[in-house]
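Chemist: One file is attached below, coords_30.csv, containing CSV, C-alpha atoms and all ligand atoms.
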chain,number,residue,atom,x,y,z
D,1,MET,CA,187.5,-104.1,140.1
D,2,GLY,CA,184.3,-105.1,141.6
D,3,GLY,CA,183.9,-105.3,145.4
D,4,SER,CA,180.5,-107.0,145.7
D,5,THR,CA,181.7,-110.5,146.6
D,6,PHE,CA,182.5,-111.7,150.1
D,7,GLY,CA,183.9,-115.1,151.2
D,8,LYS,CA,186.2,-117.8,149.6
D,9,ILE,CA,184.5,-121.2,149.6
D,10,LEU,CA,181.1,-120.0,150.7
D,11,SER,CA,180.8,-116.7,148.9
D,12,VAL,CA,178.0,-114.1,148.5
D,13,THR,CA,177.7,-111.6,145.7
D,14,THR,CA,175.1,-108.9,146.3
D,15,TRP,CA,173.6,-106.8,143.6
D,16,GLY,CA,171.0,-104.0,143.2
D,17,GLU,CA,170.4,-100.4,144.2
D,18,SER,CA,168.0,-99.0,146.8
D,19,HIS,CA,165.5,-97.7,144.2
D,20,GLY,CA,166.2,-100.2,141.4
D,21,PRO,CA,163.6,-102.8,140.5
D,22,ALA,CA,165.0,-105.4,142.8
D,23,ILE,CA,168.0,-106.3,145.0
D,24,GLY,CA,169.5,-109.8,145.1
D,25,CYS,CA,172.4,-112.0,145.9
D,26,VAL,CA,174.1,-115.2,144.6
D,27,VAL,CA,175.5,-117.5,147.2
D,28,GLU,CA,178.1,-119.9,145.9
D,29,GLY,CA,179.7,-122.9,147.6
D,30,VAL,CA,176.5,-124.0,149.4
D,31,PRO,CA,176.8,-127.7,150.1
D,32,ALA,CA,174.0,-129.8,148.6
D,33,GLY,CA,171.3,-131.3,150.8
D,34,ILE,CA,170.5,-128.4,153.1
D,35,ASP,CA,166.7,-127.9,153.7
D,36,LEU,CA,165.8,-124.4,152.4
D,37,CYS,CA,162.5,-122.7,151.6
D,38,GLU,CA,161.3,-119.1,151.3
D,39,GLU,CA,159.7,-119.2,154.8
D,40,ASP,CA,163.2,-119.8,156.3
D,41,PHE,CA,164.1,-116.1,155.5
D,42,VAL,CA,161.0,-114.5,157.1
D,43,TYR,CA,162.2,-114.4,160.7
D,44,TYR,CA,165.6,-112.8,160.0
D,45,MET,CA,164.3,-110.4,157.3
D,46,ASP,CA,161.8,-109.2,159.9
D,47,LEU,CA,164.5,-108.5,162.4
D,48,ARG,CA,166.2,-106.1,160.0
D,49,LYS,CA,162.9,-104.3,159.0
D,50,PRO,CA,162.2,-100.8,160.2
D,51,SER,CA,159.9,-101.0,163.2
D,52,ARG,CA,161.0,-98.4,165.8
D,53,SER,CA,160.3,-94.7,165.9
D,54,THR,CA,164.0,-94.0,165.1
D,55,ASP,CA,163.8,-96.2,161.9
D,56,THR,CA,163.1,-95.1,158.4
D,57,PRO,CA,159.4,-94.9,157.5
D,58,ARG,CA,160.2,-96.8,154.3
D,59,LYS,CA,158.2,-100.0,154.7
D,60,GLU,CA,159.0,-103.0,152.5
D,61,SER,CA,157.7,-106.6,152.8
D,62,ASP,CA,161.3,-107.9,152.0
D,63,THR,CA,159.9,-111.2,150.7
D,64,VAL,CA,162.8,-113.3,149.6
D,65,LYS,CA,162.3,-115.3,146.4
D,66,ILE,CA,164.6,-118.3,145.7
D,67,MET,CA,165.5,-118.1,142.0
D,68,SER,CA,167.9,-121.1,141.8
D,69,GLY,CA,169.9,-123.7,143.6
D,70,VAL,CA,167.0,-125.4,145.4
D,71,PHE,CA,165.0,-128.4,144.2
D,72,GLU,CA,162.3,-130.2,146.2
D,73,GLY,CA,163.2,-128.2,149.3
D,74,LYS,CA,166.9,-129.0,149.3
D,75,THR,CA,170.0,-127.1,148.1
D,76,THR,CA,171.4,-128.8,145.0
D,77,GLY,CA,175.0,-127.6,145.3
D,78,THR,CA,174.6,-125.1,142.5
D,79,PRO,CA,174.5,-121.3,143.0
D,80,VAL,CA,171.6,-120.2,145.2
D,81,SER,CA,170.2,-117.0,143.8
D,82,LEU,CA,167.9,-114.9,146.0
D,83,MET,CA,165.9,-111.8,145.1
D,84,ILE,CA,163.7,-109.2,146.8
D,85,VAL,CA,161.6,-106.8,144.7
D,86,ASN,CA,161.8,-103.2,145.8
D,87,GLU,CA,158.3,-102.0,146.4
D,88,ASN,CA,158.3,-98.7,148.3
D,89,THR,CA,160.5,-96.3,146.5
D,90,HIS,CA,160.0,-92.5,146.6
D,91,SER,CA,162.8,-91.6,144.2
D,92,GLN,CA,161.5,-88.0,143.8
D,93,ASP,CA,162.5,-87.3,147.4
D,94,TYR,CA,166.1,-87.5,146.4
D,95,SER,CA,166.1,-85.0,143.5
D,96,ASN,CA,167.7,-82.3,145.7
D,97,ILE,CA,170.8,-84.5,146.3
D,98,LYS,CA,171.3,-85.2,142.6
D,99,ASP,CA,174.0,-82.6,142.3
D,100,VAL,CA,174.6,-81.8,146.0
D,101,TYR,CA,176.7,-83.9,148.3
D,102,ARG,CA,175.2,-85.1,151.6
D,103,PRO,CA,177.8,-84.6,154.4
D,104,GLY,CA,178.8,-87.9,155.9
D,105,HIS,CA,177.3,-90.0,153.1
D,106,ALA,CA,178.9,-91.6,150.1
D,107,ASP,CA,177.6,-89.2,147.4
D,108,TYR,CA,180.9,-87.3,146.9
D,109,THR,CA,183.2,-90.3,146.9
D,110,TYR,CA,181.0,-92.3,144.5
D,111,ASP,CA,181.1,-89.3,142.1
D,112,ALA,CA,184.9,-89.0,142.6
D,113,LYS,CA,185.3,-92.7,141.7
D,114,TYR,CA,182.8,-93.4,139.0
D,115,GLY,CA,182.0,-90.0,137.6
D,116,PHE,CA,178.3,-90.3,138.2
D,117,ARG,CA,176.0,-92.2,140.6
D,118,ASP,CA,172.5,-93.5,141.1
D,119,TYR,CA,171.5,-90.9,143.7
D,120,ARG,CA,168.0,-92.4,144.3
D,121,GLY,CA,168.0,-93.5,147.9
D,122,GLY,CA,171.8,-93.6,148.0
D,123,GLY,CA,171.9,-96.3,145.2
D,124,ARG,CA,174.3,-99.0,146.0
D,125,SER,CA,175.7,-97.2,149.1
D,126,SER,CA,172.3,-97.5,150.8
D,127,GLY,CA,171.7,-99.7,153.8
D,128,ARG,CA,169.1,-101.4,151.7
D,129,GLU,CA,171.9,-103.6,150.2
D,130,THR,CA,172.4,-105.2,153.6
D,131,ALA,CA,169.0,-106.9,153.3
D,132,MET,CA,170.7,-109.5,151.0
D,133,ARG,CA,173.4,-110.1,153.5
D,134,VAL,CA,170.8,-111.0,156.0
D,135,ALA,CA,169.2,-113.4,153.5
D,136,ALA,CA,172.6,-115.0,152.6
D,137,GLY,CA,173.3,-115.2,156.3
D,138,VAL,CA,170.3,-117.5,156.7
D,139,ILE,CA,172.0,-120.1,154.5
D,140,ALA,CA,175.3,-119.7,156.4
D,141,ARG,CA,173.4,-120.3,159.7
D,142,LYS,CA,172.1,-123.5,158.3
D,143,ILE,CA,175.6,-124.7,157.7
D,144,LEU,CA,176.7,-123.6,161.2
D,145,ASP,CA,173.6,-125.2,162.8
D,146,THR,CA,175.0,-128.6,161.9
D,147,VAL,CA,177.8,-128.1,164.4
D,148,GLY,CA,175.7,-126.1,167.0
D,149,VAL,CA,177.1,-122.6,166.5
D,150,ILE,CA,174.8,-120.0,167.9
D,151,ILE,CA,175.0,-116.3,167.0
D,152,SER,CA,173.3,-113.6,169.0
D,153,SER,CA,173.6,-109.8,169.4
D,154,GLU,CA,172.7,-106.9,171.6
D,155,TYR,CA,172.7,-103.2,170.8
D,156,SER,CA,173.0,-100.0,172.9
D,157,PRO,CA,169.6,-98.8,173.9
D,158,VAL,CA,167.7,-96.4,171.7
D,159,PRO,CA,168.5,-92.9,173.0
D,160,GLU,CA,166.5,-89.7,173.1
D,161,ILE,CA,167.5,-88.0,169.9
D,162,PRO,CA,167.5,-84.2,169.6
D,163,GLU,CA,165.0,-82.9,167.0
D,164,LEU,CA,166.1,-83.2,163.3
D,165,ASP,CA,169.3,-85.0,164.3
D,166,SER,CA,170.7,-88.6,164.6
D,167,MET,CA,173.0,-90.5,167.0
D,168,GLY,CA,175.6,-93.3,167.0
D,169,GLY,CA,175.8,-96.4,169.2
D,170,THR,CA,177.2,-99.9,169.4
D,171,VAL,CA,176.3,-103.5,168.6
D,172,LYS,CA,177.9,-106.5,170.3
D,173,VAL,CA,177.8,-109.9,168.5
D,174,VAL,CA,178.5,-113.2,170.3
D,175,ALA,CA,179.1,-116.5,168.5
D,176,GLY,CA,178.9,-119.5,170.9
D,177,ASN,CA,179.8,-123.2,170.4
D,178,VAL,CA,182.4,-122.3,167.7
D,179,PRO,CA,184.8,-125.2,167.3
D,180,ALA,CA,188.5,-124.4,168.1
D,181,GLY,CA,190.7,-124.2,165.0
D,182,LEU,CA,188.8,-121.9,162.6
D,183,GLY,CA,190.8,-119.2,160.8
D,184,GLU,CA,193.6,-119.3,158.2
D,185,PRO,CA,196.8,-117.6,159.3
D,186,VAL,CA,198.2,-115.3,158.2
D,187,PHE,CA,196.2,-113.1,155.9
D,188,SER,CA,192.9,-114.8,156.5
D,189,LYS,CA,193.1,-114.8,160.3
D,190,LEU,CA,189.6,-115.2,161.7
D,191,ASP,CA,189.7,-111.8,163.4
D,192,ALA,CA,190.9,-110.2,160.2
D,193,GLU,CA,188.1,-111.8,158.2
D,194,LEU,CA,185.5,-110.8,160.8
D,195,SER,CA,186.8,-107.2,160.9
D,196,LYS,CA,186.5,-107.0,157.1
D,197,ALA,CA,183.0,-108.4,157.3
D,198,PHE,CA,182.0,-105.8,159.9
D,199,MET,CA,183.7,-102.9,158.3
D,200,SER,CA,182.1,-103.6,155.0
D,201,VAL,CA,178.7,-102.6,156.5
D,202,GLY,CA,177.9,-98.9,156.1
D,203,ALA,CA,178.3,-96.7,159.2
D,204,VAL,CA,180.4,-99.2,161.1
D,205,LYS,CA,183.5,-97.2,162.1
D,206,ALA,CA,185.4,-99.5,164.5
D,207,VAL,CA,185.5,-103.1,165.5
D,208,GLU,CA,187.0,-104.8,168.6
D,209,PHE,CA,187.4,-108.3,169.9
D,210,GLY,CA,187.1,-109.2,173.6
D,211,LEU,CA,188.5,-106.4,175.7
D,212,GLY,CA,189.4,-104.6,172.5
D,213,THR,CA,190.9,-101.1,172.9
D,214,LYS,CA,191.2,-101.6,176.7
D,215,VAL,CA,194.2,-103.9,176.3
D,216,SER,CA,196.4,-101.0,175.5
D,217,GLU,CA,196.2,-99.9,179.1
D,218,MET,CA,196.7,-103.3,180.7
D,219,LEU,CA,199.5,-105.4,182.1
D,220,GLY,CA,200.3,-108.7,180.4
D,221,SER,CA,199.5,-110.5,183.6
D,222,GLU,CA,196.0,-108.9,183.6
D,223,ASN,CA,195.3,-109.4,179.9
D,224,ASN,CA,196.5,-112.9,179.4
D,225,ASP,CA,193.7,-115.5,179.5
D,226,THR,CA,194.4,-118.2,182.0
D,227,PHE,CA,193.8,-121.6,180.5
D,228,ILE,CA,191.7,-124.0,182.5
D,229,ASN,CA,190.3,-127.5,182.0
D,230,VAL,CA,186.5,-127.6,182.2
D,231,ASP,CA,185.3,-131.2,182.1
D,232,GLY,CA,188.0,-132.2,179.7
D,233,LYS,CA,187.5,-129.1,177.5
D,234,ILE,CA,190.3,-126.5,177.3
D,235,SER,CA,188.8,-123.1,178.2
D,236,THR,CA,189.9,-119.8,179.7
D,237,VAL,CA,188.9,-117.9,182.8
D,238,ASN,CA,188.0,-114.5,181.4
D,239,ASN,CA,188.0,-114.8,177.6
D,240,ASN,CA,189.7,-111.4,177.4
D,241,CYS,CA,190.8,-112.2,173.8
D,242,GLY,CA,187.2,-112.6,172.6
D,243,GLY,CA,187.6,-116.3,171.5
D,244,ILE,CA,190.5,-115.8,168.9
D,245,LEU,CA,194.2,-116.3,169.4
D,246,GLY,CA,196.7,-116.1,166.6
D,247,GLY,CA,193.8,-115.6,164.2
D,248,ILE,CA,192.3,-119.0,165.1
D,249,SER,CA,189.2,-119.7,167.2
D,250,ASP,CA,190.0,-121.1,170.7
D,251,GLY,CA,186.6,-122.6,171.3
D,252,ASP,CA,185.4,-119.9,173.7
D,253,ASP,CA,182.7,-117.4,172.7
D,254,ILE,CA,183.8,-115.1,169.9
D,255,VAL,CA,182.9,-111.6,171.2
D,256,ILE,CA,182.9,-108.7,168.7
D,257,LYS,CA,181.8,-105.1,169.3
D,258,ALA,CA,181.1,-102.7,166.5
D,259,TYR,CA,180.9,-98.9,166.9
D,260,ILE,CA,178.3,-97.3,164.7
D,261,LYS,CA,178.3,-93.6,163.6
D,262,PRO,CA,175.2,-91.4,163.6
D,263,VAL,CA,173.1,-91.7,160.5
D,264,PRO,CA,174.5,-89.1,158.0
D,265,SER,CA,171.2,-88.0,156.4
D,266,ILE,CA,169.8,-85.7,159.1
D,267,LEU,CA,166.9,-83.3,158.6
D,268,LYS,CA,168.8,-80.3,159.9
D,269,GLU,CA,170.0,-77.8,157.4
D,270,GLN,CA,173.8,-78.4,156.7
D,271,ARG,CA,176.6,-76.7,154.8
D,272,THR,CA,177.9,-78.6,151.8
D,273,VAL,CA,179.0,-78.2,148.2
D,274,ASP,CA,177.5,-79.1,144.8
D,275,LYS,CA,179.3,-81.2,142.2
D,276,ASP,CA,180.9,-78.1,140.7
D,277,GLY,CA,182.3,-77.2,144.0
D,278,ASN,CA,180.0,-74.3,144.8
D,279,GLU,CA,179.3,-73.9,148.5
D,280,THR,CA,175.6,-74.3,149.3
D,281,THR,CA,173.2,-75.5,152.0
D,282,LEU,CA,171.2,-78.7,152.0
D,283,THR,CA,168.0,-79.7,153.8
D,284,ILE,CA,167.6,-83.5,153.3
D,285,LYS,CA,164.2,-84.9,152.3
D,286,GLY,CA,163.5,-88.7,152.0
D,287,ARG,CA,162.9,-91.3,154.6
D,288,HIS,CA,165.9,-92.0,156.9
D,289,ASP,CA,166.9,-93.9,160.0
D,290,LYS,CA,167.9,-91.9,163.0
D,291,TYR,CA,169.7,-94.6,165.0
D,292,LEU,CA,171.2,-97.5,163.3
D,293,PRO,CA,172.3,-100.1,165.9
D,294,PRO,CA,168.9,-102.0,166.0
D,295,ARG,CA,168.9,-102.2,162.2
D,296,ILE,CA,172.6,-103.1,161.9
D,297,ALA,CA,172.6,-105.9,164.6
D,298,PRO,CA,170.9,-108.5,162.3
D,299,VAL,CA,173.3,-107.5,159.5
D,300,LEU,CA,176.3,-108.0,161.7
D,301,GLU,CA,175.0,-111.4,162.9
D,302,ALA,CA,174.6,-112.4,159.2
D,303,MET,CA,178.2,-111.2,158.4
D,304,THR,CA,179.4,-113.3,161.4
D,305,ALA,CA,177.5,-116.3,160.1
D,306,LEU,CA,178.9,-115.9,156.6
D,307,THR,CA,182.5,-115.5,157.9
D,308,LEU,CA,182.3,-118.5,160.3
D,309,ALA,CA,180.6,-120.8,157.8
D,310,ASP,CA,183.3,-120.0,155.2
D,311,ALA,CA,186.0,-120.6,157.9
D,312,LEU,CA,184.3,-123.9,158.8
D,313,LEU,CA,184.4,-125.1,155.2
D,314,MET,CA,188.0,-123.9,154.7
D,315,ASN,CA,189.2,-125.7,157.9
D,316,MET,CA,188.2,-129.0,156.3
D,317,THR,CA,191.5,-128.9,154.4
D,318,SER,CA,193.7,-128.2,157.3
D,319,ARG,CA,194.6,-131.8,158.1
D,320,ILE,CA,195.4,-134.8,155.8
D,321,GLU,CA,193.2,-137.1,157.9
D,322,ASN,CA,190.2,-135.1,156.8
D,323,ILE,CA,191.0,-135.8,153.2
D,324,ILE,CA,191.6,-139.5,154.0
D,325,LYS,CA,188.2,-139.6,155.9
D,326,VAL,CA,186.3,-138.3,152.9
D,327,TYR,CA,188.0,-140.0,150.0
D,328,LYS,CA,189.6,-143.3,151.2
D,329,LYS,CA,187.3,-146.2,150.6
P,401,LIG,C1,170.9,-101.1,157.7
P,401,LIG,C2,171.4,-99.7,157.4
P,401,LIG,C3,170.5,-98.6,157.3
P,401,LIG,C4,171.0,-97.3,157.0
P,401,LIG,N1,170.1,-96.3,156.9
P,401,LIG,C5,170.5,-95.1,156.5
P,401,LIG,C6,169.6,-94.0,156.3
P,401,LIG,O1,168.4,-94.2,156.4
P,401,LIG,N2,170.1,-92.8,156.0
P,401,LIG,C7,171.5,-92.6,155.8
P,401,LIG,O2,171.9,-91.5,155.5
P,401,LIG,N3,172.4,-93.6,156.0
P,401,LIG,C8,171.9,-94.8,156.4
P,401,LIG,N4,172.8,-95.8,156.5
P,401,LIG,C9,174.3,-95.5,156.5
P,401,LIG,C10,174.9,-95.3,155.2
P,401,LIG,O3,174.6,-96.4,154.3
P,401,LIG,C11,176.4,-95.1,155.3
P,401,LIG,O4,176.7,-94.2,156.3
P,401,LIG,C12,176.9,-94.6,154.0
P,401,LIG,O5,176.9,-95.6,153.0
P,401,LIG,C13,178.4,-94.1,154.1
P,401,LIG,O6,179.2,-95.1,154.4
P,401,LIG,P1,180.2,-95.0,155.7
P,401,LIG,O7,179.3,-94.5,156.8
P,401,LIG,O8,180.6,-96.4,156.0
P,401,LIG,O9,181.3,-94.1,155.4
P,401,LIG,C14,172.4,-97.1,156.8
P,401,LIG,C15,173.3,-98.2,156.9
P,401,LIG,C16,172.8,-99.5,157.2
P,401,LIG,C17,173.8,-100.6,157.3
If you convert what's in this file into structure tokens, what do you get?
Modeler:
Amino acid sequence: MGGSTFGKILSVTTWGESHGPAIGCVVEGVPAGIDLCEEDFVYYMDLRKPSRSTDTPRKESDTVKIMSGVFEGKTTGTPVSLMIVNENTHSQDYSNIKDVYRPGHADYTYDAKYGFRDYRGGGRSSGRETAMRVAAGVIARKILDTVGVIISSEYSPVPEIPELDSMGGTVKVVAGNVPAGLGEPVFSKLDAELSKAFMSVGAVKAVEFGLGTKVSEMLGSENNDTFINVDGKISTVNNNCGGILGGISDGDDIVIKAYIKPVPSILKEQRTVDKDGNETTLTIKGRHDKYLPPRIAPVLEAMTALTLADALLMNMTSRIENIIKVYKK
């Protein structure tokens, strides 16, 4: 079974390894008639690029090429295929993890599953794969723009990191102007889909909505969001629920917080085992991030956009009057 496709009506399939010739994605279900050109990707790709002292020194231009699905500047309704050529690989840096497992990374589990792995730069388990999610997210944002949805994020400040080590942090994503009614109970509840979207990003270890884990210590009377009428629009006083009730958006901001673990590849010597089970020590070479929240924030925004755009399209079938509006002449 493959696990490289996300989404139902609007779906993205990503492909490629960190040190392969290129990475790419195919976005299916994109409505025809959306303005799309290669320059549209530049702003968001730049947000994900390493730029801080805690980011990997691997520098890539991340220029997105549109390979299909666009004609004369507009989407044609056919699959949109996007590609980025990998330019700055130093595969030799990874030779010492060929047979030795990095603690905290996916080396051991990929071997356990597939029997061998592309160890160069972490192969498919590398954060590099998330570049294509950001690219696909640009298309999702264009769909959401038509109804005014705005997605933003903030991350915990970059800390002082002890020498040769890494640290974890958080990213909060907010989606505003989301129409009430998105989300498909019961297995495709909006919070379930967003959780899957977030947890599919490497190093994300927990996700919460609104007050999140704090609700387990509250009284019902404190946690329940009081409904109010703001100029004819049903709203709530506190939005403790983070904009989703019963798996359906309630029209308030959707507020999601992700908890990110410390980058596993640290420069400190660590105890580990090799693929034959012999205990050994490992000093990791290669170019690695030290603090992921700034790099993951644009990825989580993109995953939010992909999830909401898919939910928006799916919601079109929720009422018979929508069908009549489209088809009855
Ligand atoms: C944008 C991004 C960049 C990442 N950069 C690195 C890195 O430089 N070094 C590293 O060891 N892990 C990095 N990671 C984390 C690993 O990909 C991740 O920890 C690994 O695949 C294991 O998955 P898990 O942490 O979800 O269990 C990055 C993840 C993302 C999303």
Chemist: Could you pull out every residue with an atom within 7 Å of (179.1, -106.2, 163.5), file coordinates, counting all atoms listed in the file, and send them as a ChimeraX atom specification?
Modeler: /D:171-173,198,256-258,297,300-301
Chemist: Which residues of chain D come within 9 Å of ligand LIG 401 (chain P), and what is each one's closest atom pair and distance in Å (one decimal), counting only C-alpha atoms and all ligand atoms, sorted by chain and residue number, as JSON lines?
Modeler:
{"residue": "D:Arg48", "atom": "CA", "partner": "P:LIG401", "partner_atom": "C1", "distance": 7.2}
{"residue": "D:Lys49", "atom": "CA", "partner": "P:LIG401", "partner_atom": "C1", "distance": 8.7}
{"residue": "D:Asp55", "atom": "CA", "partner": "P:LIG401", "partner_atom": "O1", "distance": 7.4}
{"residue": "D:Thr56", "atom": "CA", "partner": "P:LIG401", "partner_atom": "O1", "distance": 5.7}
{"residue": "D:Arg58", "atom": "CA", "partner": "P:LIG401", "partner_atom": "O1", "distance": 8.9}
{"residue": "D:Arg102", "atom": "CA", "partner": "P:LIG401", "partner_atom": "O2", "distance": 8.2}
{"residue": "D:Gly104", "atom": "CA", "partner": "P:LIG401", "partner_atom": "C13", "distance": 6.5}
{"residue": "D:His105", "atom": "CA", "partner": "P:LIG401", "partner_atom": "C13", "distance": 4.4}
{"residue": "D:Ala106", "atom": "CA", "partner": "P:LIG401", "partner_atom": "C13", "distance": 4.7}
{"residue": "D:Asp107", "atom": "CA", "partner": "P:LIG401", "partner_atom": "C13", "distance": 8.3}
{"residue": "D:Gly121", "atom": "CA", "partner": "P:LIG401", "partner_atom": "N2", "distance": 8.4}
{"residue": "D:Gly122", "atom": "CA", "partner": "P:LIG401", "partner_atom": "O5", "distance": 7.4}
{"residue": "D:Arg124", "atom": "CA", "partner": "P:LIG401", "partner_atom": "O5", "distance": 8.2}
{"residue": "D:Ser125", "atom": "CA", "partner": "P:LIG401", "partner_atom": "O5", "distance": 4.4}
{"residue": "D:Ser126", "atom": "CA", "partner": "P:LIG401", "partner_atom": "O3", "distance": 4.3}
{"residue": "D:Gly127", "atom": "CA", "partner": "P:LIG401", "partner_atom": "C16", "distance": 3.6}
{"residue": "D:Arg128", "atom": "CA", "partner": "P:LIG401", "partner_atom": "C1", "distance": 6.3}
{"residue": "D:Glu129", "atom": "CA", "partner": "P:LIG401", "partner_atom": "C17", "distance": 7.9}
{"residue": "D:Thr130", "atom": "CA", "partner": "P:LIG401", "partner_atom": "C1", "distance": 6.0}
{"residue": "D:Ala131", "atom": "CA", "partner": "P:LIG401", "partner_atom": "C1", "distance": 7.5}
{"residue": "D:Met199", "atom": "CA", "partner": "P:LIG401", "partner_atom": "O8", "distance": 7.6}
{"residue": "D:Ser200", "atom": "CA", "partner": "P:LIG401", "partner_atom": "O8", "distance": 7.4}
{"residue": "D:Val201", "atom": "CA", "partner": "P:LIG401", "partner_atom": "C17", "distance": 5.4}
{"residue": "D:Gly202", "atom": "CA", "partner": "P:LIG401", "partner_atom": "O8", "distance": 3.7}
{"residue": "D:Ala203", "atom": "CA", "partner": "P:LIG401", "partner_atom": "O7", "distance": 3.4}
{"residue": "D:Val204", "atom": "CA", "partner": "P:LIG401", "partner_atom": "O8", "distance": 5.8}
{"residue": "D:Lys205", "atom": "CA", "partner": "P:LIG401", "partner_atom": "O8", "distance": 6.8}
{"residue": "D:Ile260", "atom": "CA", "partner": "P:LIG401", "partner_atom": "O7", "distance": 8.4}
{"residue": "D:Lys261", "atom": "CA", "partner": "P:LIG401", "partner_atom": "O7", "distance": 6.9}
{"residue": "D:Pro262", "atom": "CA", "partner": "P:LIG401", "partner_atom": "O4", "distance": 8.0}
{"residue": "D:Val263", "atom": "CA", "partner": "P:LIG401", "partner_atom": "N3", "distance": 4.9}
{"residue": "D:Pro264", "atom": "CA", "partner": "P:LIG401", "partner_atom": "O2", "distance": 4.3}
{"residue": "D:Ser265", "atom": "CA", "partner": "P:LIG401", "partner_atom": "O2", "distance": 3.7}
{"residue": "D:Ile266", "atom": "CA", "partner": "P:LIG401", "partner_atom": "O2", "distance": 7.1}
{"residue": "D:Gly286", "atom": "CA", "partner": "P:LIG401", "partner_atom": "O1", "distance": 8.6}
{"residue": "D:Arg287", "atom": "CA", "partner": "P:LIG401", "partner_atom": "O1", "distance": 6.5}
{"residue": "D:His288", "atom": "CA", "partner": "P:LIG401", "partner_atom": "O1", "distance": 3.4}
{"residue": "D:Asp289", "atom": "CA", "partner": "P:LIG401", "partner_atom": "O1", "distance": 3.9}
{"residue": "D:Lys290", "atom": "CA", "partner": "P:LIG401", "partner_atom": "O1", "distance": 7.0}
{"residue": "D:Tyr291", "atom": "CA", "partner": "P:LIG401", "partner_atom": "N1", "distance": 8.3}
{"residue": "D:Leu292", "atom": "CA", "partner": "P:LIG401", "partner_atom": "C3", "distance": 6.1}
{"residue": "D:Pro293", "atom": "CA", "partner": "P:LIG401", "partner_atom": "C1", "distance": 8.4}
{"residue": "D:Pro294", "atom": "CA", "partner": "P:LIG401", "partner_atom": "C1", "distance": 8.6}
{"residue": "D:Arg295", "atom": "CA", "partner": "P:LIG401", "partner_atom": "C1", "distance": 5.0}
{"residue": "D:Ile296", "atom": "CA", "partner": "P:LIG401", "partner_atom": "C1", "distance": 5.0}
{"residue": "D:Ala297", "atom": "CA", "partner": "P:LIG401", "partner_atom": "C1", "distance": 8.6}
{"residue": "D:Pro298", "atom": "CA", "partner": "P:LIG401", "partner_atom": "C1", "distance": 8.7}
{"residue": "D:Val299", "atom": "CA", "partner": "P:LIG401", "partner_atom": "C1", "distance": 7.1}
{"residue": "D:Leu300", "atom": "CA", "partner": "P:LIG401", "partner_atom": "C17", "distance": 9.0}
Chemist: Which residue is closest to Arg271 (chain D)? Choose from D:Val186, D:Val100, D:Ile320, D:Ile248 and count only C-alpha atoms.
Modeler: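 Closest to Arg271 (chain D), using only C-alpha atoms: D:Val100.
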Chemist: Give me the residues near Tyr44 (chain D) as a list in words, where near means some atom within 8 Å (using all atoms listed in the file) and where sequence neighbours in that chain fewer than 6 positions away do not count.
Modeler: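 The residues satisfying every condition are Val134, Ala135, Val138 and Pro298 of chain D.
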Chemist: At most 12 Å is the cut-off: for each residue in region 229-271 of chain D with any atom that close to an atom of region 306-311 of chain D, write down the nearest atom pair and the distance in Å rounded to one decimal, counting only C-alpha atoms, chain first then increasing number, as a Markdown table.
Modeler:
| residue | atom | partner | partner_atom | distance |
| --- | --- | --- | --- | --- |
| D:Gly247 | CA | D:Ala311 | CA | 11.2 |
| D:Ile248 | CA | D:Ala311 | CA | 9.7 |
| D:Ser249 | CA | D:Leu308 | CA | 9.8 |
| D:Ile254 | CA | D:Leu308 | CA | 10.3 |
Chemist: Counting all atoms listed in the file, what is within 12 Å of region 112-118 of chain D, bar same-chain residues fewer than 5 positions away, as a list in words?
Modeler: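 So, after excluding close chain neighbours, the residues are Met1, Gly16, Glu17, Ser18, His19, Gly20, Ser91, Tyr94, Ser95, Ile97, Lys98, Asp99, Val100, Tyr101, Ala106, Asp107, Gly123, Arg124, Ser125, Ser126, Lys275 and Asp276 of chain D.
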Chemist: Using only C-alpha atoms, which residue out of D:Pro185, D:Gly168, D:Pro162, D:Pro21 lies closest to Arg120 (chain D)?
Modeler: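 Of D:Pro185, D:Gly168, D:Pro162, D:Pro21, the one nearest Arg120 (chain D) is D:Pro21, counting only C-alpha atoms.
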Chemist: Which of these, D:Asp274, D:Glu279, D:Asp252, D:Glu38, has the shortest distance to Val70 (chain D) once you count all atoms listed in the file?
Modeler: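 Among the listed residues, D:Glu38 lies closest to Val70 (chain D).
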Chemist: Give me the residues near Asn240 (chain D) as a list of chain:residue names, where near means some atom within 8 Å (using all atoms listed in the file) and where sequence neighbours in that chain fewer than 3 positions away do not count.
Modeler: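 Here the answer would be D:Gly210, D:Leu211, D:Asn223, D:Asn224, D:Asp225, D:Gly243.
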Chemist: In file coordinates, which residues lie within 12 Å of (182.6, -110.0, 149.9) using only C-alpha atoms, given as a count of residues only?
Modeler: 34
Chemist: From the set D:Val30, D:Leu47, D:Ile228, D:Val215, which residue has the shortest atom-to-atom contact distance to Cys241 (chain D), counting all atoms listed in the file?
Modeler: D:Val215
Chemist: Quote the spacing between CA of Val273 (chain D) and CA of Pro103 (chain D) in Å to one decimal place.
Modeler: 9.0 Å
Chemist: Provide the CA of Ser216 (chain D) to CA of Tyr155 (chain D) distance in Å, to one decimal place.
Modeler: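 Interatomic distance, CA of Ser216 (chain D) to CA of Tyr155 (chain D): 24.3 Å.
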Chemist: Grab the CA of Asn239 (chain D) to CA of Val174 (chain D) distance for me, in Å with one decimal place.
Modeler: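 Taking CA of Asn239 (chain D) and CA of Val174 (chain D), their separation equals 12.1 Å.
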